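Peer 1: One structure follows; several queries about it will come next.
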Amino acid sequence: MYKRQAVKDYGREISIFYMRAVIALIIVIGLLLLLFFRQFKLQVLSYDTYQTQSENNRIRVRPVAPIRGLILDRNGVLLAENRSIFALEITPEIVGKKQMDDTLTRLGLLLDIDEKQINEFKEQIKFRSKYKSYPIKSKLSEQQVAIFSVNKHLFPGVSVEARLERYYPHGEDVVHAIGRMSAINKADLEKWEKEAQATNDFSRINNYAATNKIGKLGLERFYEKELHGTVGQEKVETDVRGRIVRVLERQDPIAGQNLHLHLDYSLQKKANELFKEVGARGAVVAVDPNSGGILALVSQPGYDPNLFTGGISQANYSALINSEERPLYNRAVQGTYAPASTIKPHLAWLALQQGVINSSTRIADPGWYSLPDNEHRYRDWKPWGHGATMNVVDSIIQSCDTFFYELSVMLGINNISAGMEQFGFGQKTGLDIVEEKVGIMPSRAWKKENRNQFWYMGDTVNIGIGQGFWTATPLQLANSSAVLANDGIRFDLQLVKEFQIGTKVESNIPEMSTEQITTGDGRWLDTVKNAMHQVTLPPLGTAKTAFEGASFSAAGKTGTAQVKSIAQDETYDAETVEDKFKDNALFIGYAPFENPQIAIAVVMENAGGGGGNAAPIARKLMEHYLKSNDKSLASNQPMGQQ
């Protein structure tokens, strides 16, 4: 009978099973030991490290931007405020370095973000913390907010945030007075970093942790610290997607101070309107001679500062930069012009004060003046002259060039330079604007240093009528007019009248300038002022037509400045000369004559004669200010000469 043989070896199988079981047990025990060690390391050895990381993933400290201070005029008219806008913001750490370019490209296509804005954003985040969010586009429309909301899931690390942004309700009317804001750029950050490293003080950098805009010009720049305020912070709990669940702690920011100005917006607006009516370029500066407060500071043409606040487009910026009208140029504080005949009262006072002449001194005027042993003729504006002899009062009233040619030679450049500095020429006025230029009050030393040339007598002759090397800003001209109106007392000019900190108001007390004119015999100053009064009156005043029928009394001086030199044998013809070479029109003055409340300077580029162009604008502005501010309007009666 056939016997079946066993196919399986049960003993061997049992041996293999036990061996595999032991190996599996060893592996399991090894894995358990590894897991136990890992847990021990995480929860014991590295507890502090991972607790901090976990807390940071759940709890975040965010800077809170302070509310920027407001700027208001003397009557409470709001000139700079803060408006709520929606801004598209990016957190670089969440987006990631590798995905940043792709994210920016797609956002640009989705929300019409141009290359300039993208490049500015890249510069902004290059030197700043990657854990904070930064705006790439401000002032999103409701449609743009809706478009992004639908596509938000495609852009991790990008969000729409509600922010407060600077807004200027009166646009270009006040831009050259209060300035503007713009984005913090690479140069700003590098400057702050150097300052912080040198002083070991990083408070300024930290104070802008939640801010991406800064004052760039005007008051916005000068009072940046006061306007900005102090940054706050809040500790928030977030979910796994970075969304805020709740606020755990909050340190409120401190709002910036409000600035109340001497500026009268109504007067400011009127000056802009008058310039636009005649299509002129130039500047107007009006000063309260009793305090040095700036009542109006106008430069035409202007521009809308709101274009810069949210990030100006390349097209708009190019249009402003390339414009022949130069709207970005603040002519009121940066424009330097030959003061022309507006400085004749100042020179007359200096000569009278120093005894070089007296009120009886007379100089012949055949229509020209020549230096001894020199055939060159310095011509009077009236070719046939003003008469056989002219005294100082008549020469101011009729603006006789010949008289002041000779007067300047009698005084000498050393006396002129030192004397005119007392009126603020060649110096800053103290105005709370960084961009102010000083112009040129020429002297022998100045010419040697800047031109490497000696001073000649002919240079002095030209100085006598405010031409040659002498240049001044409209701000300095208004200041010099205020000094005359205020009987020689000179203040440092200022725009800000008061600082408001919460409910507390602090006055910006006017300071006397370190330079004051030495009046000495006061009658000489009265002589000059009376002559300036008669400039505005018939029968011979050069501004008589402009002030005809005025309901107030005034004093002033017209000026017409040559822009292009005319050869000895040439004649100036306004009809044929190019517009850019036409004379500049100027006027300085104050009103009311008996109790000055406003001193003013008007400069109009390439407009022609000062009496026919600048003086009418000054008269209208004086009238507007005196009426709107209920100032007493004195009768316009001629005063006797001294």
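So you can find residues: chains in the structure tokens are A, B, ... in the order shown, residues in each start at 1, and ligands are numbered from 1 in order.
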Run DSSP on the backbone of this structure and report the residues of stretch 153-349 of chain A it assigns to strand (DSSP E), as a ChimeraX atom specification.

Peer 2: /A:158-167,180-183,213-217,232-238,244-251,258-261,281-288,293-300

Peer 1: Only C-alpha atoms, please: the residues just picked out, written as an mmCIF file, in the first residue's frame.

Peer 2:
```cif
data_model
loop_
_atom_site.group_PDB
_atom_site.id
_atom_site.type_symbol
_atom_site.label_atom_id
_atom_site.label_comp_id
_atom_site.auth_asym_id
_atom_site.auth_seq_id
_atom_site.Cartn_x
_atom_site.Cartn_y
_atom_site.Cartn_z
ATOM 1 C CA VAL A 158 -1.888 88.824 0.465
ATOM 2 C CA SER A 159 -4.795 90.647 2.082
ATOM 3 C CA VAL A 160 -6.965 93.748 1.829
ATOM 4 C CA GLU A 161 -6.693 95.989 4.890
ATOM 5 C CA ALA A 162 -8.563 99.133 5.907
ATOM 6 C CA ARG A 163 -6.128 101.986 6.555
ATOM 7 C CA LEU A 164 -6.117 105.722 7.204
ATOM 8 C CA GLU A 165 -4.380 107.707 4.475
ATOM 9 C CA ARG A 166 -3.483 111.402 4.216
ATOM 10 C CA TYR A 167 -5.872 113.493 2.187
ATOM 11 C CA ARG A 180 2.918 116.485 0.983
ATOM 12 C CA MET A 181 3.570 112.892 2.028
ATOM 13 C CA SER A 182 5.004 109.973 0.115
ATOM 14 C CA ALA A 183 6.185 106.404 0.641
ATOM 15 C CA LYS A 213 4.365 107.009 4.522
ATOM 16 C CA ILE A 214 6.349 110.013 5.707
ATOM 17 C CA GLY A 215 6.264 113.778 5.222
ATOM 18 C CA LYS A 216 8.435 114.713 2.245
ATOM 19 C CA LEU A 217 7.962 118.467 1.829
ATOM 20 C CA GLY A 232 1.202 101.218 19.612
ATOM 21 C CA GLN A 233 0.985 97.428 19.583
ATOM 22 C CA GLU A 234 -1.442 94.599 20.165
ATOM 23 C CA LYS A 235 -0.993 90.894 20.919
ATOM 24 C CA VAL A 236 -3.454 88.830 18.874
ATOM 25 C CA GLU A 237 -4.341 85.149 18.699
ATOM 26 C CA THR A 238 -4.474 83.678 15.194
ATOM 27 C CA ILE A 244 -7.060 86.921 13.908
ATOM 28 C CA VAL A 245 -9.258 85.111 16.408
ATOM 29 C CA ARG A 246 -9.090 87.629 19.244
ATOM 30 C CA VAL A 247 -7.017 90.464 20.700
ATOM 31 C CA LEU A 248 -5.247 89.464 23.897
ATOM 32 C CA GLU A 249 -3.502 92.708 24.847
ATOM 33 C CA ARG A 250 -3.365 96.203 23.395
ATOM 34 C CA GLN A 251 -1.190 99.248 23.932
ATOM 35 C CA ASN A 258 -2.744 118.889 15.309
ATOM 36 C CA LEU A 259 -1.191 121.985 13.746
ATOM 37 C CA HIS A 260 -3.144 125.252 13.722
ATOM 38 C CA LEU A 261 -1.615 127.709 11.265
ATOM 39 C CA ARG A 281 3.655 131.901 -13.067
ATOM 40 C CA GLY A 282 5.086 133.209 -9.834
ATOM 41 C CA ALA A 283 4.521 133.491 -6.119
ATOM 42 C CA VAL A 284 2.688 135.412 -3.403
ATOM 43 C CA VAL A 285 3.719 135.597 0.242
ATOM 44 C CA ALA A 286 1.671 137.505 2.810
ATOM 45 C CA VAL A 287 2.849 138.088 6.379
ATOM 46 C CA ASP A 288 1.315 139.446 9.564
ATOM 47 C CA GLY A 293 2.912 134.636 10.903
ATOM 48 C CA ILE A 294 2.501 133.577 7.273
ATOM 49 C CA LEU A 295 -0.991 134.482 6.051
ATOM 50 C CA ALA A 296 -0.533 133.120 2.520
ATOM 51 C CA LEU A 297 2.221 131.230 0.740
ATOM 52 C CA VAL A 298 1.382 130.572 -2.887
ATOM 53 C CA SER A 299 3.421 129.229 -5.782
ATOM 54 C CA GLN A 300 1.822 128.964 -9.211
#
```

Peer 1: Just the residues within 8 Å of A:Phe425, please, counting only C-alpha atoms, with nothing from its chain fewer than 4 positions along; format it as a PyMOL selection string.

Peer 2: chain A and resi 420-421+438-441+472+476+480

Peer 1: Can I get the selected residues back with all heavy atoms, as an mmCIF file, in the first residue's frame?

Peer 2:
```cif
data_model
loop_
_atom_site.group_PDB
_atom_site.id
_atom_site.type_symbol
_atom_site.label_atom_id
_atom_site.label_comp_id
_atom_site.auth_asym_id
_atom_site.auth_seq_id
_atom_site.Cartn_x
_atom_site.Cartn_y
_atom_site.Cartn_z
ATOM 1 N N MET A 420 21.629 145.599 4.233
ATOM 2 C CA MET A 420 20.501 144.811 3.736
ATOM 3 C C MET A 420 20.342 143.483 4.479
ATOM 4 O O MET A 420 19.244 142.922 4.523
ATOM 5 C CB MET A 420 20.650 144.557 2.238
ATOM 6 C CG MET A 420 20.520 145.819 1.384
ATOM 7 S SD MET A 420 18.969 146.736 1.652
ATOM 8 C CE MET A 420 19.504 148.043 2.775
ATOM 9 N N GLU A 421 21.411 143.002 5.069
ATOM 10 C CA GLU A 421 21.289 141.788 5.875
ATOM 11 C C GLU A 421 20.387 142.014 7.080
ATOM 12 O O GLU A 421 19.776 141.079 7.592
ATOM 13 C CB GLU A 421 22.674 141.316 6.320
ATOM 14 C CG GLU A 421 23.486 140.677 5.192
ATOM 15 C CD GLU A 421 24.884 140.285 5.619
ATOM 16 O OE1 GLU A 421 25.255 140.596 6.779
ATOM 17 O OE2 GLU A 421 25.603 139.669 4.807
ATOM 18 N N VAL A 438 18.268 130.846 0.374
ATOM 19 C CA VAL A 438 18.652 132.135 0.956
ATOM 20 C C VAL A 438 18.884 133.217 -0.084
ATOM 21 O O VAL A 438 19.009 134.390 0.271
ATOM 22 C CB VAL A 438 19.920 131.993 1.822
ATOM 23 C CG1 VAL A 438 19.673 131.058 2.983
ATOM 24 C CG2 VAL A 438 21.105 131.496 0.988
ATOM 25 N N GLY A 439 18.924 132.867 -1.364
ATOM 26 C CA GLY A 439 19.221 133.880 -2.364
ATOM 27 C C GLY A 439 20.658 134.367 -2.221
ATOM 28 O O GLY A 439 21.498 133.724 -1.570
ATOM 29 N N ILE A 440 20.959 135.535 -2.807
ATOM 30 C CA ILE A 440 22.323 136.081 -2.773
ATOM 31 C C ILE A 440 22.277 137.547 -2.361
ATOM 32 O O ILE A 440 21.610 138.366 -3.007
ATOM 33 C CB ILE A 440 23.013 135.963 -4.148
ATOM 34 C CG1 ILE A 440 23.132 134.505 -4.571
ATOM 35 C CG2 ILE A 440 24.399 136.624 -4.109
ATOM 36 C CD1 ILE A 440 23.620 134.331 -6.005
ATOM 37 N N MET A 441 22.933 137.854 -1.252
ATOM 38 C CA MET A 441 23.213 139.248 -0.909
ATOM 39 C C MET A 441 24.695 139.459 -1.196
ATOM 40 O O MET A 441 25.556 139.111 -0.388
ATOM 41 C CB MET A 441 22.914 139.516 0.574
ATOM 42 C CG MET A 441 23.058 140.991 0.955
ATOM 43 S SD MET A 441 21.897 142.072 0.088
ATOM 44 C CE MET A 441 22.959 143.043 -0.962
ATOM 45 N N ALA A 472 16.725 137.391 -4.444
ATOM 46 C CA ALA A 472 15.959 137.190 -3.212
ATOM 47 C C ALA A 472 14.747 136.332 -3.513
ATOM 48 O O ALA A 472 14.258 136.291 -4.644
ATOM 49 C CB ALA A 472 15.524 138.537 -2.626
ATOM 50 N N GLN A 476 11.581 136.360 1.290
ATOM 51 C CA GLN A 476 12.448 137.407 1.829
ATOM 52 C C GLN A 476 11.899 138.798 1.517
ATOM 53 O O GLN A 476 11.997 139.709 2.348
ATOM 54 C CB GLN A 476 13.860 137.261 1.253
ATOM 55 C CG GLN A 476 14.613 136.050 1.780
ATOM 56 C CD GLN A 476 15.940 135.841 1.063
ATOM 57 O OE1 GLN A 476 16.060 136.142 -0.128
ATOM 58 N NE2 GLN A 476 16.921 135.315 1.770
ATOM 59 N N SER A 480 10.977 141.568 4.249
ATOM 60 C CA SER A 480 11.553 142.914 4.273
ATOM 61 C C SER A 480 10.463 143.981 4.314
ATOM 62 O O SER A 480 10.622 145.030 4.932
ATOM 63 C CB SER A 480 12.455 143.124 3.049
ATOM 64 O OG SER A 480 11.707 143.260 1.857
#
```

Peer 1: With DSSP run on the backbone, what are the alpha helix (DSSP H) residues within stretch 84-137 of chain A? I'd like them as a compact mmCIF listing (two decimals) with all heavy atoms, in the first residue's frame.

Peer 2:
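Below you can see part.txt, which holds the result:
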```txt
# COMPACT_ATOMS: atom_id res chain seq x y z
N PRO A 92 5.68 89.33 3.29
CA PRO A 92 6.74 88.61 2.56
C PRO A 92 7.03 87.22 3.10
O PRO A 92 7.28 86.29 2.32
CB PRO A 92 7.95 89.54 2.71
CG PRO A 92 7.36 90.89 2.90
CD PRO A 92 6.13 90.67 3.71
N GLU A 93 6.99 87.03 4.42
CA GLU A 93 7.34 85.74 5.01
C GLU A 93 6.36 84.65 4.58
O GLU A 93 6.74 83.51 4.33
CB GLU A 93 7.36 85.86 6.53
CG GLU A 93 7.65 84.56 7.27
CD GLU A 93 9.03 84.01 6.98
OE1 GLU A 93 9.91 84.79 6.54
OE2 GLU A 93 9.25 82.80 7.18
N ILE A 94 5.09 85.00 4.48
CA ILE A 94 4.08 84.01 4.09
C ILE A 94 4.15 83.72 2.59
O ILE A 94 4.04 82.56 2.16
CB ILE A 94 2.67 84.51 4.49
CG1 ILE A 94 2.58 84.70 6.00
CG2 ILE A 94 1.61 83.54 3.99
CD1 ILE A 94 1.25 85.25 6.47
N VAL A 95 4.33 84.76 1.80
CA VAL A 95 4.41 84.57 0.34
C VAL A 95 5.64 83.75 -0.01
O VAL A 95 5.58 82.84 -0.86
CB VAL A 95 4.45 85.93 -0.38
CG1 VAL A 95 4.69 85.74 -1.87
CG2 VAL A 95 3.15 86.70 -0.14
N LYS A 97 10.11 83.93 -0.61
CA LYS A 97 11.01 84.60 -1.55
C LYS A 97 10.87 84.06 -2.97
O LYS A 97 10.89 84.81 -3.95
CB LYS A 97 12.45 84.46 -1.06
CG LYS A 97 13.46 85.26 -1.84
CD LYS A 97 14.84 85.16 -1.22
CE LYS A 97 15.85 86.01 -1.99
NZ LYS A 97 17.21 85.92 -1.38
N LYS A 98 10.73 82.73 -3.09
CA LYS A 98 10.67 82.12 -4.41
C LYS A 98 9.37 82.46 -5.15
O LYS A 98 9.35 82.54 -6.37
CB LYS A 98 10.82 80.60 -4.29
CG LYS A 98 12.19 80.16 -3.81
CD LYS A 98 12.29 78.64 -3.76
CE LYS A 98 13.68 78.19 -3.30
NZ LYS A 98 13.77 76.71 -3.23
N GLN A 99 8.29 82.64 -4.39
CA GLN A 99 7.00 82.89 -5.01
C GLN A 99 6.67 84.37 -5.16
O GLN A 99 5.65 84.73 -5.75
CB GLN A 99 5.89 82.22 -4.17
CG GLN A 99 6.01 80.71 -4.07
CD GLN A 99 5.92 80.05 -5.43
OE1 GLN A 99 5.12 80.45 -6.27
NE2 GLN A 99 6.75 79.03 -5.66
N MET A 100 7.54 85.26 -4.63
CA MET A 100 7.22 86.69 -4.60
C MET A 100 7.04 87.26 -6.01
O MET A 100 6.05 87.96 -6.29
CB MET A 100 8.31 87.45 -3.85
CG MET A 100 8.04 88.95 -3.72
SD MET A 100 6.51 89.33 -2.82
CE MET A 100 7.04 88.94 -1.14
N ASP A 101 7.98 87.01 -6.90
CA ASP A 101 7.90 87.58 -8.25
C ASP A 101 6.64 87.12 -8.97
O ASP A 101 5.96 87.92 -9.64
CB ASP A 101 9.14 87.23 -9.07
CG ASP A 101 10.37 88.00 -8.61
OD1 ASP A 101 10.20 89.04 -7.95
OD2 ASP A 101 11.50 87.56 -8.92
N ASP A 102 6.34 85.83 -8.85
CA ASP A 102 5.15 85.30 -9.50
C ASP A 102 3.88 85.91 -8.91
O ASP A 102 2.95 86.28 -9.65
CB ASP A 102 5.10 83.77 -9.34
CG ASP A 102 3.85 83.17 -9.97
OD1 ASP A 102 3.69 83.28 -11.20
OD2 ASP A 102 3.03 82.61 -9.21
N THR A 103 3.85 86.06 -7.60
CA THR A 103 2.70 86.66 -6.93
C THR A 103 2.49 88.10 -7.38
O THR A 103 1.37 88.53 -7.69
CB THR A 103 2.87 86.62 -5.40
OG1 THR A 103 2.97 85.25 -4.98
CG2 THR A 103 1.71 87.30 -4.70
N LEU A 104 3.59 88.86 -7.45
CA LEU A 104 3.50 90.26 -7.86
C LEU A 104 3.03 90.39 -9.31
O LEU A 104 2.24 91.28 -9.65
CB LEU A 104 4.85 90.95 -7.68
CG LEU A 104 5.33 91.14 -6.23
CD1 LEU A 104 6.74 91.70 -6.21
CD2 LEU A 104 4.39 92.05 -5.47
N THR A 105 3.51 89.51 -10.15
CA THR A 105 3.11 89.54 -11.57
C THR A 105 1.62 89.27 -11.72
O THR A 105 0.91 89.98 -12.45
CB THR A 105 3.91 88.51 -12.38
OG1 THR A 105 5.30 88.81 -12.28
CG2 THR A 105 3.49 88.54 -13.84
N ARG A 106 1.14 88.26 -11.01
CA ARG A 106 -0.28 87.92 -11.12
C ARG A 106 -1.17 89.00 -10.51
O ARG A 106 -2.25 89.30 -11.02
CB ARG A 106 -0.54 86.56 -10.45
CG ARG A 106 0.07 85.38 -11.24
CD ARG A 106 -0.32 84.02 -10.68
NE ARG A 106 0.27 83.77 -9.38
CZ ARG A 106 -0.42 83.54 -8.26
NH1 ARG A 106 -1.75 83.54 -8.32
NH2 ARG A 106 0.18 83.31 -7.11
N LEU A 107 -0.71 89.58 -9.40
CA LEU A 107 -1.47 90.68 -8.80
C LEU A 107 -1.53 91.88 -9.73
O LEU A 107 -2.56 92.56 -9.83
CB LEU A 107 -0.83 91.10 -7.47
CG LEU A 107 -1.11 90.22 -6.25
CD1 LEU A 107 -0.27 90.69 -5.07
CD2 LEU A 107 -2.58 90.23 -5.88
N GLY A 108 -0.41 92.15 -10.41
CA GLY A 108 -0.37 93.26 -11.36
C GLY A 108 -1.38 93.11 -12.46
O GLY A 108 -2.05 94.08 -12.85
N LEU A 109 -1.51 91.91 -12.97
CA LEU A 109 -2.49 91.66 -14.04
C LEU A 109 -3.91 91.72 -13.51
O LEU A 109 -4.83 92.19 -14.20
CB LEU A 109 -2.21 90.29 -14.66
CG LEU A 109 -0.87 90.13 -15.39
CD1 LEU A 109 -0.67 88.68 -15.83
CD2 LEU A 109 -0.82 91.06 -16.60
N LEU A 110 -4.11 91.25 -12.29
CA LEU A 110 -5.45 91.18 -11.72
C LEU A 110 -5.99 92.55 -11.33
O LEU A 110 -7.16 92.88 -11.58
CB LEU A 110 -5.45 90.26 -10.50
CG LEU A 110 -6.81 90.02 -9.83
CD1 LEU A 110 -7.73 89.23 -10.76
CD2 LEU A 110 -6.63 89.28 -8.50
N LEU A 111 -5.11 93.40 -10.74
CA LEU A 111 -5.57 94.66 -10.15
C LEU A 111 -4.90 95.89 -10.76
O LEU A 111 -4.90 96.97 -10.16
CB LEU A 111 -5.34 94.65 -8.64
CG LEU A 111 -6.10 93.56 -7.87
CD1 LEU A 111 -5.71 93.57 -6.41
CD2 LEU A 111 -7.61 93.76 -8.01
N GLU A 115 4.50 98.63 -13.09
CA GLU A 115 5.86 98.20 -12.76
C GLU A 115 6.51 99.10 -11.72
O GLU A 115 7.27 98.63 -10.86
CB GLU A 115 6.71 98.17 -14.03
CG GLU A 115 8.09 97.55 -13.83
CD GLU A 115 8.86 97.44 -15.14
OE1 GLU A 115 8.26 97.67 -16.20
OE2 GLU A 115 10.07 97.13 -15.07
N LYS A 116 6.23 100.39 -11.77
CA LYS A 116 6.81 101.33 -10.81
C LYS A 116 6.37 100.99 -9.38
O LYS A 116 7.18 100.98 -8.45
CB LYS A 116 6.39 102.76 -11.14
CG LYS A 116 6.98 103.83 -10.21
CD LYS A 116 6.59 105.23 -10.68
CE LYS A 116 7.19 106.30 -9.77
NZ LYS A 116 6.57 106.31 -8.44
N GLN A 117 5.09 100.69 -9.20
CA GLN A 117 4.59 100.32 -7.88
C GLN A 117 5.21 99.02 -7.40
O GLN A 117 5.54 98.88 -6.21
CB GLN A 117 3.07 100.20 -7.92
CG GLN A 117 2.35 101.53 -8.10
CD GLN A 117 0.85 101.35 -8.30
OE1 GLN A 117 0.42 100.72 -9.27
NE2 GLN A 117 0.06 101.88 -7.39
N ILE A 118 5.40 98.08 -8.31
CA ILE A 118 6.01 96.81 -7.94
C ILE A 118 7.46 97.01 -7.52
O ILE A 118 7.91 96.46 -6.50
CB ILE A 118 5.92 95.81 -9.12
CG1 ILE A 118 4.47 95.39 -9.35
CG2 ILE A 118 6.80 94.58 -8.86
CD1 ILE A 118 4.24 94.50 -10.55
N ASN A 119 8.19 97.82 -8.27
CA ASN A 119 9.60 98.08 -7.92
C ASN A 119 9.72 98.82 -6.60
O ASN A 119 10.63 98.54 -5.80
CB ASN A 119 10.27 98.88 -9.04
CG ASN A 119 10.46 98.06 -10.31
OD1 ASN A 119 10.54 96.83 -10.25
ND2 ASN A 119 10.51 98.72 -11.45
N GLU A 120 8.82 99.77 -6.35
CA GLU A 120 8.85 100.50 -5.08
C GLU A 120 8.55 99.56 -3.92
O GLU A 120 9.15 99.68 -2.84
CB GLU A 120 7.84 101.65 -5.11
CG GLU A 120 8.27 102.82 -5.98
CD GLU A 120 7.23 103.93 -6.00
OE1 GLU A 120 6.10 103.69 -5.51
OE2 GLU A 120 7.55 105.03 -6.48
N PHE A 121 7.64 98.62 -4.13
CA PHE A 121 7.33 97.65 -3.08
C PHE A 121 8.54 96.78 -2.78
O PHE A 121 8.86 96.51 -1.61
CB PHE A 121 6.14 96.78 -3.50
CG PHE A 121 5.84 95.66 -2.54
CD1 PHE A 121 5.17 95.92 -1.36
CD2 PHE A 121 6.26 94.37 -2.81
CE1 PHE A 121 4.90 94.91 -0.45
CE2 PHE A 121 5.99 93.34 -1.91
CZ PHE A 121 5.31 93.61 -0.74
N LYS A 122 9.24 96.33 -3.81
CA LYS A 122 10.42 95.50 -3.61
C LYS A 122 11.50 96.25 -2.82
O LYS A 122 12.16 95.67 -1.96
CB LYS A 122 10.98 95.04 -4.96
CG LYS A 122 10.12 94.00 -5.67
CD LYS A 122 10.76 93.60 -7.00
CE LYS A 122 9.96 92.52 -7.70
NZ LYS A 122 10.57 92.14 -9.01
N GLU A 123 11.67 97.54 -3.14
CA GLU A 123 12.65 98.34 -2.41
C GLU A 123 12.24 98.52 -0.96
O GLU A 123 13.07 98.52 -0.05
CB GLU A 123 12.81 99.71 -3.08
CG GLU A 123 13.55 99.69 -4.41
CD GLU A 123 15.00 99.29 -4.25
OE1 GLU A 123 15.58 99.53 -3.18
OE2 GLU A 123 15.55 98.70 -5.19
N GLN A 124 10.93 98.65 -0.76
CA GLN A 124 10.42 98.89 0.59
C GLN A 124 10.66 97.70 1.50
O GLN A 124 11.07 97.86 2.66
CB GLN A 124 8.93 99.21 0.52
CG GLN A 124 8.30 99.49 1.87
CD GLN A 124 6.81 99.72 1.79
OE1 GLN A 124 6.17 100.00 2.79
NE2 GLN A 124 6.23 99.58 0.61
N ILE A 125 10.46 96.49 0.99
CA ILE A 125 10.58 95.30 1.85
C ILE A 125 12.01 94.79 1.95
O ILE A 125 12.30 93.95 2.80
CB ILE A 125 9.67 94.16 1.34
CG1 ILE A 125 10.14 93.66 -0.04
CG2 ILE A 125 8.23 94.62 1.27
CD1 ILE A 125 9.41 92.42 -0.53
N LYS A 126 12.89 95.32 1.11
CA LYS A 126 14.26 94.81 1.08
C LYS A 126 14.97 94.97 2.43
O LYS A 126 15.76 94.14 2.84
CB LYS A 126 15.04 95.50 -0.03
CG LYS A 126 16.40 94.86 -0.32
CD LYS A 126 17.09 95.58 -1.47
CE LYS A 126 16.37 95.40 -2.78
NZ LYS A 126 17.08 96.02 -3.91
```

Peer 1: Which of these, A:Phe423, A:Trp381, A:Tyr134, A:Trp368, has the shortest distance to A:Tyr208 once you count only C-alpha atoms?

Peer 2: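 Ranked by minimum distance to A:Tyr208, first place goes to A:Tyr134.
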
Peer 1: Mind giving me the straight-line distance from atom CA of A:Ala546 to atom CA of A:Ile397 in Å, one decimal?

Peer 2: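 Value for the atom CA of A:Ala546-atom CA of A:Ile397 distance: 14.1 Å.
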
Peer 1: When you draw a straight line from atom CA of A:Ala340 to atom CA of A:Met532, how long is it in Å?

Peer 2: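 Between atom CA of A:Ala340 and atom CA of A:Met532 the gap works out to 15.3 Å.
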
Peer 1: Show me, as a ChimeraX atom specification, the residues that have an atom within 12 Å of A:Pro383 when counting only C-alpha atoms, minus same-chain residues fewer than 4 positions from it.

Peer 2: /A:365-369,377-379,387,400-402,571-572

Peer 1: Using the selection just defined, write its residues with C-alpha atoms as an mmCIF file, in the first residue's frame.

Peer 2:
```
data_model
loop_
_atom_site.group_PDB
_atom_site.id
_atom_site.type_symbol
_atom_site.label_atom_id
_atom_site.label_comp_id
_atom_site.auth_asym_id
_atom_site.auth_seq_id
_atom_site.Cartn_x
_atom_site.Cartn_y
_atom_site.Cartn_z
ATOM 1 C CA ASP A 365 18.433 162.629 -13.862
ATOM 2 C CA PRO A 366 19.026 163.059 -17.599
ATOM 3 C CA GLY A 367 17.799 159.499 -18.165
ATOM 4 C CA TRP A 368 21.135 157.780 -17.562
ATOM 5 C CA TYR A 369 24.089 157.534 -15.197
ATOM 6 C CA ARG A 377 25.581 154.586 -19.589
ATOM 7 C CA TYR A 378 23.321 152.921 -17.039
ATOM 8 C CA ARG A 379 19.884 153.809 -18.300
ATOM 9 C CA GLY A 387 13.698 165.850 -14.393
ATOM 10 C CA CYS A 400 13.950 156.857 -10.444
ATOM 11 C CA ASP A 401 16.809 154.503 -11.368
ATOM 12 C CA THR A 402 19.366 157.255 -11.895
ATOM 13 C CA THR A 571 16.069 148.750 -26.915
ATOM 14 C CA TYR A 572 13.812 146.407 -24.959
#
```
